[in-house]
Each structure stands twice: as C-alpha cells, then as structure tokens.
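Participant: What follows is a single structure, and I will ask about it in a moment.
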Amino acid sequence: MKGDKASGGLQRCAEEECHAKHDNPRSKYAKAYLNLKEDETPISQQVRQGVLDKGELLVIKPIMYDANISALKQENELWRCFCYVENLAKNSLPGSVASDRFEKIKKMKTKSAKAQAIGAALLLLYGLGHAGVDPLTETIGYSQHGKALLVNRSDVRFNLSHSGEHVLLTLADFELGCDVQQKLPNRSGVAHRFYEEKELAQMQASDDREDTFFRIWTAKESYIKWLGLGMAKDLRTFFVDLKRQQIYDKEKSAWTAAIFEAQSPSYRTAVCAIMEDKEKLSGMTVKNLVIEDLME
C-alpha cells in the first residue's frame, strides 16, 4: 500500500516533530497540548485519585474496553499519539508497561501496524490507570508463549487484541483471554482447515454462516489466549458450543471454559475464562471508546 511505503520514515518524522515541539515552550505541542504537567502525567493522576494504598489487592469487576482507533488513519493524529506515548515512556521506569509498549510501537514497520500498536498502548495505559495500577512503574513480563502479565501483581489480569480499526482490552481479577475480529468475507476455507466437526455443523445450521464463523473464531482465539498457549494448541482439540456459551476441550474431556460475546458493526468479540468464573464473566461491563477518550 502506498501509505505503508511512506511509513518507513514515520517514526523518524514523529520523533523529530515531537522533540522539536517539546523544545519550544510556545508550541501547541508543548505540555499543555499533551495534557501533561511538569511533574505529573494523566496516568499518575488517575492512580493517585483514590484507588488504593500500594500493596493492597485490587478488586476489579470484569470490564471490556473496545476502542475505535480509526482517527489514527490521519497522520497528524498518529504523530500526536506517538508523542504522547513516547512522553509517558520517558517518564516511566525501565521494564514498565509504558516503556514496553513504546518499544513495541517503534518496531512496527507499516503505518497500519504502528496505528494498532499505538492504539493498544493507549488503551492499556488508560485501562490500567482507571483500575488503579500505575503503568509507568508497574513491571510487565511475558509467559513462555508470549502472554503479557504484570510481574508483581496477582490481582490484575488483562488481555489485548486488535483487528482492523478496533483494539480490545479486557481486565479482571481472574485469568482471561479475548479476541476481536473484523468480519471479512470468504472464510469458509479457514473453517474447514481449523474447525472441529461440531463447529462446522453449527455453521451449516446457521442462517448467517459468516457471523457464526466469526463467533466461533473469536471464541477459539480467546480460549488459546486464556490458556496462554497461542497457536501451540491445535484448534481442533477443542470446540465451541455457541448455544451453551462454553468450550469443550477434548484433551481434558471436560467443559473447561465459559464465553462472553459482544459485537459492533462489522466486528465480533469474545472473552474466555475458566468455568468457575462463568458468573463473573457474564456480568462483564462493555465500554466503547475513541482515541480522544484514551488521552483524557
């Protein structure tokens, strides 16, 4: 894509723009424009606003944040958000959530991938801040198969996903996995390759096979992300039952996980958690956001 060819210099342009404007105290890109004070960030303000003393366990009601990041198609907005995350990363501890997410952004090669990485960073910083976790100081780590976690906290679990112009974040005090998918046509070949027989039967019996395909796919993705295994788990060793809103794992001979579903125009989302947390999962709050919400 033409836009992607130009994106090779996007990071350099953003950094030069950002640094130049931070050096100019009269610039609209100075601290006031980024909503930053000299010694404080919006994130640290949120954490300081009343949540808990350090060391206390958080009790987080399950919440799903679904952010529309279409505004990042505009290069000026992409640069502005890049600068915002960079500034937070500069004021964070090494190995922190903010620092880690900014490093991911810098590795993205195409404009679309960079936009998704920026959107994911903004959403994670926003969600953790509102939950009472300071992403500028909290250390992030990764499991053997790449699932992100907060190293020093057992009371906060999160999962991220992105597709097209949407980024999804789920937060709870129990383990979960989530997936969002843009509904694109002609996926029958994927179904025959990766779906278990009972899932194919559900598609055949459906009045809307395309929607059923994405309901099953997002549930399957959320399951392997919940397990923390990614594609190391054979997708045909378990199946999704949309009517029961549960997943049966043939390797464990048991109904192992519950599903929560949501949708927006042209997108499907699913969240997965252990059966014991089914009731909590069913009460999950869904909050729809746009880029400006994430920079409040």
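As shown in the structure tokens, the chain order sets the letters A, B, ...; within each chain, residues go from 1, and ligands are also counted from 1 in the order they appear.
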What residues in stretch 41-217 of chain A get the DSSP label strand (DSSP E)? Please answer as a PyMOL selection string.

Facilitator: chain A and resi 63-68+140-142+148-150+157-163+166-172+177-182

Participant: Name all residues at most 7 Å from stretch 114-131 of chain A (count only C-alpha atoms; drop same-chain ones fewer than 2 positions away) and give them as a list in words.

Facilitator: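 In the requested format, the answer is Ile43, Gln46, Val47, Ile60, Ile69, Leu72, Leu78, Phe82, Ala98, Arg101, Lys104, Ile105, Met108, Lys109, Thr110, Lys111, Ser112, Val133, Asp134, Pro135, His162, Val167, Leu169 and Leu294 of chain A.
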
Participant: Could you jot down the atom CA of A:Leu242 to atom CA of A:Arg268 separation for me, Å, one decimal place?

Facilitator: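 For atom CA of A:Leu242 relative to atom CA of A:Arg268, the distance reads 13.4 Å.
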
Participant: For A:Lys198, list every protein, DNA or RNA residue within 10 Å, evaluated using only C-alpha atoms, and leave out those in the same chain fewer than 4 positions away; present the list as a ChimeraX atom specification.

Facilitator: /A:202-204,238-241

Participant: Using only C-alpha atoms, which residues sit within 7 Å of A:Ile63 once same-chain residues fewer than 3 positions away are excluded, as a list in words?

Facilitator: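 Close residues of A:Ile63: Thr170, Leu171, Ala172, Met284, Thr285 and Val286 of chain A.
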
Participant: Could you tell me which of A:Glu103, A:Glu86, A:Asp173, A:Glu75 comes closest to A:Val59 if we count only C-alpha atoms?

Facilitator: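 Ranking A:Glu103, A:Glu86, A:Asp173, A:Glu75 by distance to A:Val59, first place goes to A:Asp173.
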
Participant: Rounded to one decimal in Å, what is the spacing between atom CA of A:Leu88 and atom CA of A:Leu136?

Facilitator: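 So the answer is 7.2 Å.
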
Participant: For the atom pair atom CA of A:Ser222 and atom CA of A:Lys183, what is the interatomic distance in Å to one decimal place?

Facilitator: 16.1 Å

Participant: Within 9 Å of A:Tyr84, counting only C-alpha atoms, which residues show up once you throw out same-chain ones fewer than 3 positions away? Write them as a list of chain:residue names, please.

Facilitator: A:Cys18, A:Leu34, A:Trp79, A:Arg80, A:Cys81, A:Asn87, A:Leu88, A:Ala89, A:Leu122, A:Met295

Participant: Contacts of A:Pro94 at 10 Å or less, counting only C-alpha atoms, minus same-chain residues fewer than 4 places along, as a list of chain:residue names?

Facilitator: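 The filter keeps A:Ala89, A:Lys90, A:Ala98, A:Ser99, A:Asp100, A:Leu136, A:Thr137, A:Glu138, A:Thr139, A:Ile140.
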
Participant: Nearest residue to A:Gln144 out of A:Ala67, A:Leu227, A:Val290, A:Ala205, using only C-alpha atoms?

Facilitator: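 Under the stated criterion, the closest residue is A:Leu227.
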
Participant: Determine the nearest neighbour of A:Asn159 from the options A:Pro62, A:Leu57, A:Ala113, A:Glu210, counting only C-alpha atoms.

Facilitator: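 Result for the nearest residue to A:Asn159: A:Pro62.
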